[in-house]
$ cat upload23.cif   # mmCIF, C-alpha atoms
data_target
#
loop_
_atom_site.label_atom_id
_atom_site.label_comp_id
_atom_site.auth_asym_id
_atom_site.auth_seq_id
_atom_site.Cartn_x
_atom_site.Cartn_y
_atom_site.Cartn_z
CA MET A 1 68.56 137.51 120.54
CA GLN A 2 71.79 136.29 122.07
CA LEU A 3 74.66 135.07 119.91
CA TYR A 4 77.19 132.74 121.51
CA TYR A 5 80.47 133.35 119.69
CA SER A 6 84.24 133.09 119.81
CA PRO A 7 86.33 135.71 118.01
CA MET A 8 87.04 134.79 114.35
CA ALA A 9 85.21 131.45 114.67
CA CYS A 10 82.41 130.64 112.25
CA SER A 11 80.03 132.60 114.49
CA LEU A 12 81.48 135.65 112.71
CA ALA A 13 79.07 134.89 109.84
CA THR A 14 76.12 135.45 112.16
CA ARG A 15 77.58 138.69 113.52
CA ILE A 16 78.02 139.96 109.96
CA SER A 17 74.42 139.02 109.18
CA LEU A 18 73.12 140.76 112.31
CA TYR A 19 75.06 143.94 111.45
CA GLU A 20 73.80 143.72 107.88
CA ALA A 21 70.24 143.60 109.27
CA GLY A 22 70.89 146.43 111.74
CA ALA A 23 69.66 144.04 114.43
CA ASP A 24 70.05 144.38 118.17
CA ALA A 25 71.72 141.38 119.75
CA GLU A 26 73.66 140.43 122.83
CA PHE A 27 77.03 138.86 122.06
CA VAL A 28 78.04 136.20 124.58
CA ARG A 29 81.71 135.28 124.29
CA ILE A 30 82.79 131.67 124.68
CA ASP A 31 86.34 130.62 125.47
CA GLY A 32 87.10 128.15 122.70
CA ARG A 33 89.48 126.15 124.91
CA THR A 34 87.64 125.92 128.23
CA LYS A 35 84.16 126.04 126.63
CA GLN A 36 83.11 128.47 129.35
CA VAL A 37 81.14 131.68 129.02
CA ARG A 38 83.88 134.24 129.46
CA ASP A 39 81.87 136.64 131.61
CA ASP A 40 80.49 134.28 134.22
CA GLY A 41 82.28 130.94 133.84
CA ARG A 42 79.09 129.07 132.93
CA ASP A 43 79.68 125.79 131.06
CA TYR A 44 78.74 126.43 127.42
CA ARG A 45 78.20 122.70 126.92
CA THR A 46 74.87 123.13 128.68
CA VAL A 47 73.90 125.25 125.63
CA ASN A 48 75.59 123.16 122.93
CA PRO A 49 76.84 119.75 124.12
CA LEU A 50 79.54 119.77 121.41
CA GLY A 51 80.88 123.07 122.72
CA LEU A 52 80.83 124.53 119.21
CA VAL A 53 79.84 128.09 118.36
CA PRO A 54 77.62 129.61 117.13
CA ALA A 55 74.44 129.07 119.03
CA ILE A 56 71.67 131.59 119.42
CA ALA A 57 69.03 132.03 122.09
CA THR A 58 65.90 133.69 120.73
CA ASP A 59 63.96 136.31 122.69
CA GLU A 60 61.49 133.50 123.40
CA GLY A 61 64.30 131.53 125.06
CA LEU A 62 64.71 128.90 122.35
CA VAL A 63 68.24 127.72 121.63
CA LEU A 64 69.32 126.95 118.08
CA THR A 65 72.68 125.51 117.01
CA GLU A 66 74.36 124.83 113.64
CA ASN A 67 75.40 127.56 111.22
CA ALA A 68 73.05 126.83 108.34
CA ALA A 69 70.04 126.87 110.67
CA ILE A 70 71.10 129.98 112.58
CA LEU A 71 71.94 132.01 109.49
CA GLN A 72 68.58 131.21 107.87
CA HIS A 73 66.81 132.01 111.15
CA VAL A 74 68.48 135.42 111.30
CA ALA A 75 67.61 136.07 107.65
CA ASP A 76 63.95 135.19 108.25
CA ARG A 77 63.79 137.17 111.49
CA PHE A 78 64.85 140.35 109.66
CA PRO A 79 63.28 139.99 106.20
CA SER A 80 63.76 143.61 105.17
CA ALA A 81 67.54 143.04 105.06
CA ASN A 82 66.97 140.54 102.21
CA LEU A 83 69.65 138.17 103.50
CA ALA A 84 67.96 135.09 102.01
CA PRO A 85 65.38 134.45 99.29
CA PRO A 86 62.18 133.89 101.30
CA SER A 87 61.11 130.70 99.50
CA GLY A 88 61.11 128.81 96.23
CA PHE A 89 64.02 127.48 94.21
CA GLU A 90 66.26 130.43 95.07
CA ARG A 91 65.90 129.43 98.73
CA SER A 92 66.94 125.90 97.76
CA ARG A 93 69.96 127.37 95.99
CA LEU A 94 70.88 129.30 99.14
CA GLN A 95 70.60 126.07 101.15
CA GLN A 96 72.83 124.35 98.61
CA TRP A 97 75.57 126.94 99.17
CA LEU A 98 75.17 126.91 102.95
CA CYS A 99 75.47 123.12 102.89
CA PHE A 100 78.47 123.18 100.53
CA ILE A 101 80.29 125.73 102.69
CA GLY A 102 79.44 123.88 105.91
CA THR A 103 80.31 120.39 104.73
CA GLU A 104 82.89 120.60 101.92
CA LEU A 105 84.81 123.68 103.03
CA HIS A 106 84.31 124.16 106.76
CA LYS A 107 84.29 120.56 107.96
CA VAL A 108 86.21 118.70 105.24
CA VAL A 109 88.97 121.23 104.53
CA PHE A 110 89.31 123.84 107.27
CA ALA A 111 88.27 122.18 110.55
CA PRO A 112 91.21 119.74 110.66
CA LEU A 113 93.66 122.45 109.52
CA LEU A 114 92.56 124.77 112.34
CA ASP A 115 92.50 122.08 115.03
CA ALA A 116 95.78 122.09 116.98
CA LYS A 117 94.99 118.52 118.08
CA ALA A 118 94.58 117.17 114.52
CA ASN A 119 97.23 114.65 113.50
CA GLU A 120 99.42 115.06 110.40
CA GLY A 121 97.45 112.50 108.38
CA ALA A 122 94.18 114.30 109.04
CA ARG A 123 95.73 117.61 108.02
CA ALA A 124 97.20 116.16 104.84
CA TYR A 125 93.86 114.56 103.98
CA ALA A 126 92.09 117.89 104.46
CA LEU A 127 94.61 119.70 102.27
CA GLU A 128 94.17 117.15 99.45
CA LYS A 129 90.49 118.02 99.39
CA ALA A 130 90.99 121.77 98.99
CA PRO A 131 91.82 122.29 95.27
CA GLU A 132 88.69 120.61 93.86
CA ARG A 133 86.42 122.56 96.19
CA LEU A 134 88.13 125.91 95.65
CA SER A 135 88.12 125.35 91.89
CA LEU A 136 84.36 124.85 91.98
CA LEU A 137 84.07 128.21 93.74
CA GLU A 138 86.49 129.85 91.30
CA VAL A 139 84.31 128.79 88.36
CA HIS A 140 81.10 129.88 90.08
CA LEU A 141 82.40 133.28 91.22
CA GLY A 142 83.95 134.21 87.86
CA GLY A 143 81.81 137.13 86.67
CA ARG A 144 79.54 137.02 89.73
CA GLU A 145 79.48 139.49 92.58
CA PHE A 146 77.91 137.13 95.15
CA LEU A 147 77.03 133.43 95.44
CA LEU A 148 73.41 134.28 94.53
CA ASP A 149 72.34 137.46 92.73
CA HIS A 150 72.64 139.61 95.86
CA PHE A 151 74.41 139.50 99.24
CA THR A 152 73.06 136.71 101.45
CA VAL A 153 73.98 134.90 104.65
CA ALA A 154 75.86 132.40 102.46
CA ASP A 155 78.32 135.15 101.51
CA ALA A 156 78.77 135.99 105.20
CA TYR A 157 79.56 132.31 105.88
CA LEU A 158 81.88 131.90 102.88
CA PHE A 159 83.80 135.08 103.78
CA THR A 160 84.27 133.75 107.31
CA VAL A 161 85.47 130.29 106.31
CA LEU A 162 87.83 131.43 103.55
CA GLY A 163 89.25 134.06 105.92
CA TRP A 164 90.85 131.19 107.84
CA ALA A 165 93.06 130.34 104.85
CA VAL A 166 95.74 132.80 106.07
CA VAL A 167 96.57 130.53 109.01
CA THR A 168 96.68 127.39 106.83
CA PRO A 169 98.89 126.32 103.89
CA ILE A 170 96.04 127.16 101.49
CA ASP A 171 97.02 129.90 99.06
CA LEU A 172 93.91 131.67 97.78
CA SER A 173 95.92 133.85 95.38
CA LYS A 174 95.78 130.85 93.02
CA TYR A 175 92.04 131.53 92.76
CA PRO A 176 91.69 135.07 91.38
CA ALA A 177 87.89 135.17 91.20
CA VAL A 178 87.65 133.93 94.79
CA SER A 179 90.26 136.45 95.93
CA ALA A 180 88.51 139.33 94.16
CA TYR A 181 85.18 138.26 95.73
CA LEU A 182 86.74 138.29 99.21
CA GLY A 183 88.31 141.68 98.51
CA ARG A 184 84.90 143.12 97.58
CA LEU A 185 83.22 141.64 100.64
CA ARG A 186 85.96 143.00 102.89
CA GLU A 187 84.92 146.53 101.90
CA ARG A 188 81.29 145.96 102.84
CA PRO A 189 80.45 147.96 106.01
CA SER A 190 78.88 145.03 107.93
CA VAL A 191 81.80 142.77 107.08
CA ARG A 192 84.45 145.39 107.77
CA ARG A 193 82.96 146.23 111.18
CA ALA A 194 82.37 142.64 112.30
CA ALA A 195 85.74 141.35 111.11
CA SER A 196 87.69 144.24 112.62
CA GLU A 197 85.96 143.94 116.00
CA GLU A 198 86.54 140.19 116.19
CA ARG A 199 90.10 140.43 114.89
CA ASP A 200 90.95 142.84 117.70
CA LEU A 201 89.44 140.51 120.29
CA TYR A 202 91.24 137.54 118.76
CA LEU A 203 94.64 139.25 118.67
CA ALA A 204 94.25 140.45 122.27
CA GLU A 205 93.44 136.87 123.32
CA GLN A 206 96.50 135.52 121.48
CA ALA A 207 98.74 138.16 123.08
CA GLN A 208 97.32 137.36 126.53
CA ARG A 209 97.98 133.64 126.05
CA LYS A 210 101.56 134.27 124.96
CA SER A 211 102.27 136.45 127.98
CA ALA A 212 100.58 133.97 130.39
CA MET B 1 62.21 114.85 88.98
CA GLN B 2 65.43 112.96 88.41
CA LEU B 3 67.54 111.74 91.32
CA TYR B 4 71.21 111.05 90.65
CA TYR B 5 72.23 108.36 93.11
CA SER B 6 74.65 105.55 93.91
CA PRO B 7 73.43 102.52 95.85
CA MET B 8 73.70 102.96 99.64
CA ALA B 9 75.27 106.42 99.29
CA CYS B 10 73.69 109.39 101.04
CA SER B 11 71.31 109.76 98.10
CA LEU B 12 69.37 106.93 99.81
CA ALA B 13 67.86 109.60 102.08
CA THR B 14 66.25 111.28 99.09
CA ARG B 15 64.93 107.97 97.75
CA ILE B 16 63.36 107.25 101.14
CA SER B 17 61.79 110.71 101.15
CA LEU B 18 60.42 110.29 97.62
CA TYR B 19 58.90 106.91 98.54
CA GLU B 20 57.49 108.43 101.71
CA ALA B 21 55.80 111.09 99.55
CA GLY B 22 54.59 108.54 97.00
CA ALA B 23 56.34 110.67 94.37
CA ASP B 24 57.21 109.71 90.83
CA ALA B 25 60.87 110.12 90.04
CA GLU B 26 63.50 108.84 87.64
CA PHE B 27 66.51 107.30 89.37
CA VAL B 28 69.76 107.88 87.48
CA ARG B 29 72.54 105.66 88.73
CA ILE B 30 76.08 107.02 89.03
CA ASP B 31 79.16 104.82 89.23
CA GLY B 32 80.86 106.09 92.38
CA ARG B 33 84.33 105.24 91.05
CA THR B 34 84.21 106.43 87.44
CA LYS B 35 81.69 109.24 88.12
CA GLN B 36 79.84 108.21 84.98
CA VAL B 37 76.13 107.79 84.46
CA ARG B 38 75.86 104.02 84.37
CA ASP B 39 73.32 103.83 81.56
CA ASP B 40 74.95 106.07 78.97
CA GLY B 41 78.50 106.79 80.18
CA ARG B 42 77.87 110.55 80.51
CA ASP B 43 80.31 112.34 82.83
CA TYR B 44 78.40 113.08 86.03
CA ARG B 45 80.86 115.89 86.83
CA THR B 46 78.99 118.01 84.29
CA VAL B 47 76.06 117.80 86.75
CA ASN B 48 78.03 118.09 90.01
CA PRO B 49 81.68 119.09 89.55
CA LEU B 50 82.60 117.31 92.80
CA GLY B 51 81.12 114.06 91.45
CA LEU B 52 79.15 113.59 94.67
CA VAL B 53 75.61 112.25 94.85
CA PRO B 54 72.85 113.15 95.34
CA ALA B 55 71.84 115.75 92.81
CA ILE B 56 68.36 116.28 91.49
CA ALA B 57 67.11 117.74 88.23
CA THR B 58 63.67 119.28 88.61
CA ASP B 59 60.97 118.94 85.98
CA GLU B 60 61.86 122.52 85.02
CA GLY B 61 65.42 121.36 84.32
CA LEU B 62 67.06 123.01 87.34
CA VAL B 63 69.88 121.09 89.00
CA LEU B 64 70.27 121.14 92.76
CA THR B 65 73.10 119.56 94.75
CA GLU B 66 73.80 119.06 98.49
CA ASN B 67 71.73 116.83 100.75
CA ALA B 68 70.23 119.45 103.06
CA ALA B 69 68.98 121.49 100.09
CA ILE B 70 67.66 118.51 98.13
CA LEU B 71 65.84 116.97 101.08
CA GLN B 72 64.11 120.23 101.94
CA HIS B 73 63.24 120.74 98.26
CA VAL B 74 61.60 117.31 98.11
CA ALA B 75 59.71 118.00 101.34
CA ASP B 76 58.40 121.31 100.01
CA ARG B 77 57.53 119.83 96.62
CA PHE B 78 55.24 117.24 98.28
CA PRO B 79 53.80 119.09 101.28
CA SER B 80 51.04 116.57 101.98
CA ALA B 81 53.67 114.03 103.04
CA ASN B 82 54.59 116.35 105.94
CA LEU B 83 58.29 115.60 105.58
CA ALA B 84 59.35 118.99 106.99
CA PRO B 85 57.69 121.69 109.07
CA PRO B 86 56.72 124.30 106.46
CA SER B 87 58.13 127.32 108.32
CA GLY B 88 58.83 128.88 111.69
CA PHE B 89 61.10 127.68 114.47
CA GLU B 90 60.33 124.01 113.83
CA ARG B 91 61.74 124.48 110.33
CA SER B 92 64.87 125.99 111.92
CA ARG B 93 65.08 122.94 114.16
CA LEU B 94 64.87 120.66 111.12
CA GLN B 95 67.68 122.64 109.50
CA GLN B 96 69.71 122.30 112.69
CA TRP B 97 69.46 118.51 112.47
CA LEU B 98 70.14 118.38 108.74
CA CYS B 99 73.23 120.51 109.31
CA PHE B 100 74.39 118.42 112.28
CA ILE B 101 73.99 115.18 110.34
CA GLY B 102 75.68 116.61 107.25
CA THR B 103 78.62 118.24 109.00
CA GLU B 104 79.30 116.44 112.28
CA LEU B 105 78.30 112.90 111.32
CA HIS B 106 78.52 112.56 107.54
CA LYS B 107 81.59 114.67 106.80
CA VAL B 108 83.50 114.66 110.09
CA VAL B 109 82.99 111.03 111.14
CA PHE B 110 81.81 108.83 108.28
CA ALA B 111 83.27 110.29 105.05
CA PRO B 112 86.91 109.51 105.93
CA LEU B 113 85.97 106.06 107.29
CA LEU B 114 84.21 105.16 104.03
CA ASP B 115 86.89 106.56 101.74
CA ALA B 116 89.27 103.80 100.65
CA LYS B 117 91.84 106.50 99.81
CA ALA B 118 91.79 108.05 103.31
CA ASN B 119 95.06 107.68 105.21
CA GLU B 120 95.30 106.10 108.67
CA GLY B 121 95.63 109.43 110.45
CA ALA B 122 92.49 110.79 108.83
CA ARG B 123 90.59 107.63 109.79
CA ALA B 124 91.83 107.77 113.38
CA TYR B 125 90.90 111.46 113.62
CA ALA B 126 87.39 110.70 112.33
CA LEU B 127 86.96 107.86 114.84
CA GLU B 128 87.99 110.12 117.73
CA LYS B 129 85.15 112.45 116.84
CA ALA B 130 82.45 109.78 116.91
CA PRO B 131 81.65 109.24 120.63
CA GLU B 132 80.79 112.87 121.45
CA ARG B 133 78.49 113.15 118.42
CA LEU B 134 76.77 109.81 118.97
CA SER B 135 76.31 110.59 122.66
CA LEU B 136 74.52 113.80 121.75
CA LEU B 137 72.16 111.74 119.58
CA GLU B 138 71.74 109.13 122.32
CA VAL B 139 70.59 111.82 124.77
CA HIS B 140 68.27 113.42 122.21
CA LEU B 141 66.65 110.17 121.04
CA GLY B 142 66.04 108.80 124.53
CA GLY B 143 62.26 108.78 124.84
CA ARG B 144 61.72 110.24 121.37
CA GLU B 145 60.45 108.41 118.31
CA PHE B 146 61.96 110.81 115.74
CA LEU B 147 64.39 113.75 115.67
CA LEU B 148 61.41 116.14 115.59
CA ASP B 149 57.89 115.19 116.72
CA HIS B 150 57.14 113.26 113.50
CA PHE B 151 59.05 111.57 110.69
CA THR B 152 60.95 114.10 108.54
CA VAL B 153 63.64 114.14 105.89
CA ALA B 154 66.16 114.51 108.74
CA ASP B 155 65.25 110.99 109.92
CA ALA B 156 65.75 109.69 106.37
CA TYR B 157 69.21 111.29 106.33
CA LEU B 158 70.18 110.09 109.81
CA PHE B 159 69.06 106.53 109.04
CA THR B 160 71.20 106.57 105.90
CA VAL B 161 74.34 107.91 107.55
CA LEU B 162 74.19 105.68 110.63
CA GLY B 163 73.54 102.69 108.38
CA TRP B 164 77.15 103.01 107.24
CA ALA B 165 78.41 102.16 110.75
CA VAL B 166 78.36 98.43 109.92
CA VAL B 167 81.30 98.85 107.53
CA THR B 168 83.28 100.97 110.03
CA PRO B 169 84.71 100.25 113.51
CA ILE B 170 81.83 102.23 115.07
CA ASP B 171 79.71 100.04 117.33
CA LEU B 172 76.21 101.50 117.62
CA SER B 173 75.14 98.88 120.16
CA LYS B 174 76.81 101.13 122.75
CA TYR B 175 74.03 103.63 122.05
CA PRO B 176 70.76 101.84 122.88
CA ALA B 177 68.40 104.75 122.13
CA VAL B 178 70.08 105.30 118.76
CA SER B 179 69.93 101.57 117.99
CA ALA B 180 66.24 101.36 118.94
CA TYR B 181 65.50 104.41 116.77
CA LEU B 182 67.21 102.77 113.78
CA GLY B 183 65.34 99.54 114.43
CA ARG B 184 62.01 101.38 114.35
CA LEU B 185 62.89 103.25 111.16
CA ARG B 186 63.99 100.02 109.48
CA GLU B 187 60.40 98.76 109.79
CA ARG B 188 58.94 101.82 108.09
CA PRO B 189 57.65 100.84 104.61
CA SER B 190 59.44 103.66 102.72
CA VAL B 191 62.72 102.90 104.49
CA ARG B 192 62.41 99.15 104.14
CA ARG B 193 61.69 99.38 100.41
CA ALA B 194 64.39 101.95 99.59
CA ALA B 195 67.07 100.27 101.70
CA SER B 196 66.34 96.79 100.38
CA GLU B 197 66.37 97.92 96.74
CA GLU B 198 69.65 99.78 97.13
CA ARG B 199 71.25 97.04 99.20
CA ASP B 200 70.54 94.55 96.40
CA LEU B 201 72.07 96.88 93.82
CA TYR B 202 75.07 97.51 96.08
CA LEU B 203 75.72 93.83 96.75
CA ALA B 204 75.42 92.96 93.06
CA GLU B 205 77.95 95.68 92.26
CA GLN B 206 80.36 94.38 94.92
CA ALA B 207 80.01 90.82 93.60
CA GLN B 208 80.62 92.01 90.04
CA ARG B 209 83.77 93.87 91.10
CA LYS B 210 85.12 90.86 92.92
CA SER B 211 84.57 88.59 89.92
CA ALA B 212 86.07 91.13 87.47
#

$ encode --input "upload23.cif" --output "structure tokens"
Amino acid sequence: MQLYYSPMACSLATRISLYEAGADAEFVRIDGRTKQVRDDGRDYRTVNPLGLVPAIATDEGLVLTENAAILQHVADRFPSANLAPPSGFERSRLQQWLCFIGTELHKVVFAPLLDAKANEGARAYALEKAPERLSLLEVHLGGREFLLDHFTVADAYLFTVLGWAVVTPIDLSKYPAVSAYLGRLRERPSVRRAASEERDLYLAEQAQRKSA
Amino acid sequence: MQLYYSPMACSLATRISLYEAGADAEFVRIDGRTKQVRDDGRDYRTVNPLGLVPAIATDEGLVLTENAAILQHVADRFPSANLAPPSGFERSRLQQWLCFIGTELHKVVFAPLLDAKANEGARAYALEKAPERLSLLEVHLGGREFLLDHFTVADAYLFTVLGWAVVTPIDLSKYPAVSAYLGRLRERPSVRRAASEERDLYLAEQAQRKSA
């Protein structure tokens, strides 16, 4: 499997899931600005026309885009890692969380706040939407270790998205159950390894841009 | 099964899917402004804290929110209707489209355009995002009858979301393959019935508000 990623983008959730599963994968880095494959200058828009990461290419050569689909595909590809309930209502519940994180948090709240081209109105609108959504999480995570009853790909995705709060005006310390949840996840070996590797790549990229 | 809905909201996709499956269901109407159950004044936020439709309550009394989860649940509950590939890569592909529609179209483009409280900047930002996303659809739907190789819940969702274009500045006639696709779906009995029922309810509600 190949994972197309950019450091600290939402593709981090897939890297965490792959590490959690102990899976072999090739990590193909995309430049988020030029939308080129960093190693060979290929145009990533031939893989995903929107230029968004993640995408995966399976060993059979099939390309899949969109977080919720990719994360469930990885979970199903490596069932022994138990990264998703295999079926039934618990699978529906996982899909509910993946959808909530993807729509209400990632796209409604964080995407405009992280987009340097977003106008002030769009950023203000995104910020208005944050408290209701974070409060829902705060209630759900009070007394729970994970979104479901064990670690799943939805936790990998939520960790990734909420990690972006530090570069936005969103203050997660107002949400103690959410903060404690993130603190616990941060200590998880798969999360610690994936986040530290991508943070290093991200910081090196930022430093390079500043010196350019 | 109970479906919590508001006329012409994204819950229409679930109604279409239920009709497609010939399924019995109870339709519980939510006032989109007050977030109350229209029949008995119950606060819908006790069902979904965000106040968003759809939600379903299963016959076992379990509540599920979020479109992508609900639509897949309905498809799996009525497998003979073939509303979703049961498993494998085709199921991943369905999830890719559900995620794309939910994130890139519904939440990025249409939600701010339909929200009377959205500021001008947020609306302009949403409009900027439309052409790239609709062009991706235009390419995909050229020469295809459906998103996958047969009608699925993703088509029900896409029909619903693109139907909102008429009350936004988005002109779908610039996308002939998308327009032809919508025209074909409009003739489908499940779609025709669900859309006409909800349109009547929606127009009656608008008329009532104007006269109030």

$ residues_near_point --input "upload23.cif" --point "(67.6, 133.2, 113.9)" --cutoff "12 Å" --atoms "only C-alpha atoms" --output "JSON, numbers by chain"
{"A": [1, 2, 3, 14, 15, 17, 18, 21, 23, 25, 54, 55, 56, 57, 58, 59, 60, 61, 62, 63, 64, 65, 66, 67, 68, 69, 70, 71, 72, 73, 74, 75, 76, 77, 78, 79, 83, 153], "B": [88, 89, 90, 91, 92, 93, 95, 96]}

$ residues_around --input "upload23.cif" --residues "Ala9 in chain B" --least-positions-apart "3" --cutoff "8 Å" --atoms "all atoms listed in the file" --output "list in words"
Tyr5, Ser6, Leu12, Val53 and Thr160 of chain B

$ residues_around --input "upload23.cif" --residues "Gly163 in chain A" --least-positions-apart "2" --cutoff "12 Å" --atoms "all atoms listed in the file" --output "ChimeraX atom specification"
/A:8-10,12-13,105-106,110,114,155-161,165-168,170-172,178-179,181-183,185-186,191,195,199

$ residues_around --input "upload23.cif" --residues "Ala130 in chain A" --least-positions-apart "4" --cutoff "10 Å" --atoms "only C-alpha atoms" --output "list of chain:residue names"
A:Glu104, A:Leu105, A:Val108, A:Val109, A:Phe110, A:Tyr125, A:Ala126, A:Leu134, A:Ser135, A:Ile170

$ axis_aligned_box --input "upload23.cif" --around "range 173-178 of chain A" --padding-each-side "4 Å" --output "JSON"
{"center_x": 91.8, "center_y": 133.0, "center_z": 93.3, "size_x": 16.3, "size_y": 12.3, "size_z": 12.2}

$ atom_distance --input "upload23.cif" --atom1 "CA of Leu98 in chain B" --atom2 "CA of Trp97 in chain A"
13.9 Å

$ residues_around --input "upload23.cif" --residues "Arg45 in chain A" --least-positions-apart "4" --cutoff "8 Å" --atoms "only C-alpha atoms" --output "NGL selection string"
:A and (35-36 or 49-51)

$ residues_around --input "upload23.cif" --residues "Leu136 in chain A" --least-positions-apart "4" --cutoff "10 Å" --atoms "all atoms listed in the file" --output "VMD selection string"
(chain A and resid 131 to 132 140 to 141) or (chain B and resid 48 to 50)

$ resolve_selection --input "upload23.cif" --expression "the PyMOL selection byres ((chain B and resi 200-205) around 12)" --output "list in words"
Tyr5, Ser6, Pro7, Met8, Ala9, Leu12, Arg29, Ile30, Asp31, Gly32, Arg33, Arg38, Arg193, Ala194, Ala195, Ser196, Glu197, Glu198, Arg199, Gln206, Ala207, Gln208, Arg209, Lys210, Ser211 and Ala212 of chain B

$ write_last_selection --input "upload23.cif" --atoms "C-alpha atoms" --output "tab-separated table (two decimals), in the frame of the given file"
chain	number	residue	atom	x	y	z
B	5	TYR	CA	72.23	108.36	93.11
B	6	SER	CA	74.65	105.55	93.91
B	7	PRO	CA	73.43	102.52	95.85
B	8	MET	CA	73.70	102.96	99.64
B	9	ALA	CA	75.27	106.42	99.29
B	12	LEU	CA	69.37	106.93	99.81
B	29	ARG	CA	72.54	105.66	88.73
B	30	ILE	CA	76.08	107.02	89.03
B	31	ASP	CA	79.16	104.82	89.23
B	32	GLY	CA	80.86	106.09	92.38
B	33	ARG	CA	84.33	105.24	91.05
B	38	ARG	CA	75.86	104.02	84.37
B	193	ARG	CA	61.69	99.38	100.41
B	194	ALA	CA	64.39	101.95	99.59
B	195	ALA	CA	67.07	100.27	101.70
B	196	SER	CA	66.34	96.79	100.38
B	197	GLU	CA	66.37	97.92	96.74
B	198	GLU	CA	69.65	99.78	97.13
B	199	ARG	CA	71.25	97.04	99.20
B	206	GLN	CA	80.36	94.38	94.92
B	207	ALA	CA	80.01	90.82	93.60
B	208	GLN	CA	80.62	92.01	90.04
B	209	ARG	CA	83.77	93.87	91.10
B	210	LYS	CA	85.12	90.86	92.92
B	211	SER	CA	84.57	88.59	89.92
B	212	ALA	CA	86.07	91.13	87.47

$ closest_residue --input "upload23.cif" --among "B:Tyr44, B:Phe100, B:Tyr4, B:Phe27" --to "chain A" --atoms "only C-alpha atoms"
B:Phe100

$ decode --input "upload23.cif" --residues "range 177-204 of chain A" --atoms "C-alpha atoms" --output "PDB file, in the first residue's frame"
ATOM      1  CA  ALA A 177     -12.359  15.752  28.960  1.00  0.00           C
ATOM      2  CA  VAL A 178     -11.234  16.413  25.384  1.00  0.00           C
ATOM      3  CA  SER A 179      -7.819  17.598  26.587  1.00  0.00           C
ATOM      4  CA  ALA A 180      -7.359  14.553  28.829  1.00  0.00           C
ATOM      5  CA  TYR A 181      -8.356  12.265  25.921  1.00  0.00           C
ATOM      6  CA  LEU A 182      -5.753  13.892  23.663  1.00  0.00           C
ATOM      7  CA  GLY A 183      -3.151  13.606  26.416  1.00  0.00           C
ATOM      8  CA  ARG A 184      -3.809   9.865  26.718  1.00  0.00           C
ATOM      9  CA  LEU A 185      -3.666   9.329  22.962  1.00  0.00           C
ATOM     10  CA  ARG A 186      -0.410  11.267  22.741  1.00  0.00           C
ATOM     11  CA  GLU A 187       1.233   8.597  24.922  1.00  0.00           C
ATOM     12  CA  ARG A 188       0.124   5.764  22.657  1.00  0.00           C
ATOM     13  CA  PRO A 189       3.165   4.321  20.806  1.00  0.00           C
ATOM     14  CA  SER A 190       1.616   4.486  17.305  1.00  0.00           C
ATOM     15  CA  VAL A 191       0.462   8.061  17.863  1.00  0.00           C
ATOM     16  CA  ARG A 192       3.696   9.189  19.475  1.00  0.00           C
ATOM     17  CA  ARG A 193       5.809   7.751  16.648  1.00  0.00           C
ATOM     18  CA  ALA A 194       3.639   9.023  13.785  1.00  0.00           C
ATOM     19  CA  ALA A 195       3.153  12.500  15.253  1.00  0.00           C
ATOM     20  CA  SER A 196       6.818  12.956  16.108  1.00  0.00           C
ATOM     21  CA  GLU A 197       8.004  11.850  12.662  1.00  0.00           C
ATOM     22  CA  GLU A 198       5.566  14.147  10.869  1.00  0.00           C
ATOM     23  CA  ARG A 199       6.196  17.054  13.228  1.00  0.00           C
ATOM     24  CA  ASP A 200       9.911  16.876  12.436  1.00  0.00           C
ATOM     25  CA  LEU A 201       9.213  16.859   8.704  1.00  0.00           C
ATOM     26  CA  TYR A 202       6.755  19.729   9.090  1.00  0.00           C
ATOM     27  CA  LEU A 203       9.121  21.889  11.139  1.00  0.00           C
ATOM     28  CA  ALA A 204      11.989  21.266   8.704  1.00  0.00           C
TER      29      ALA A 204
END
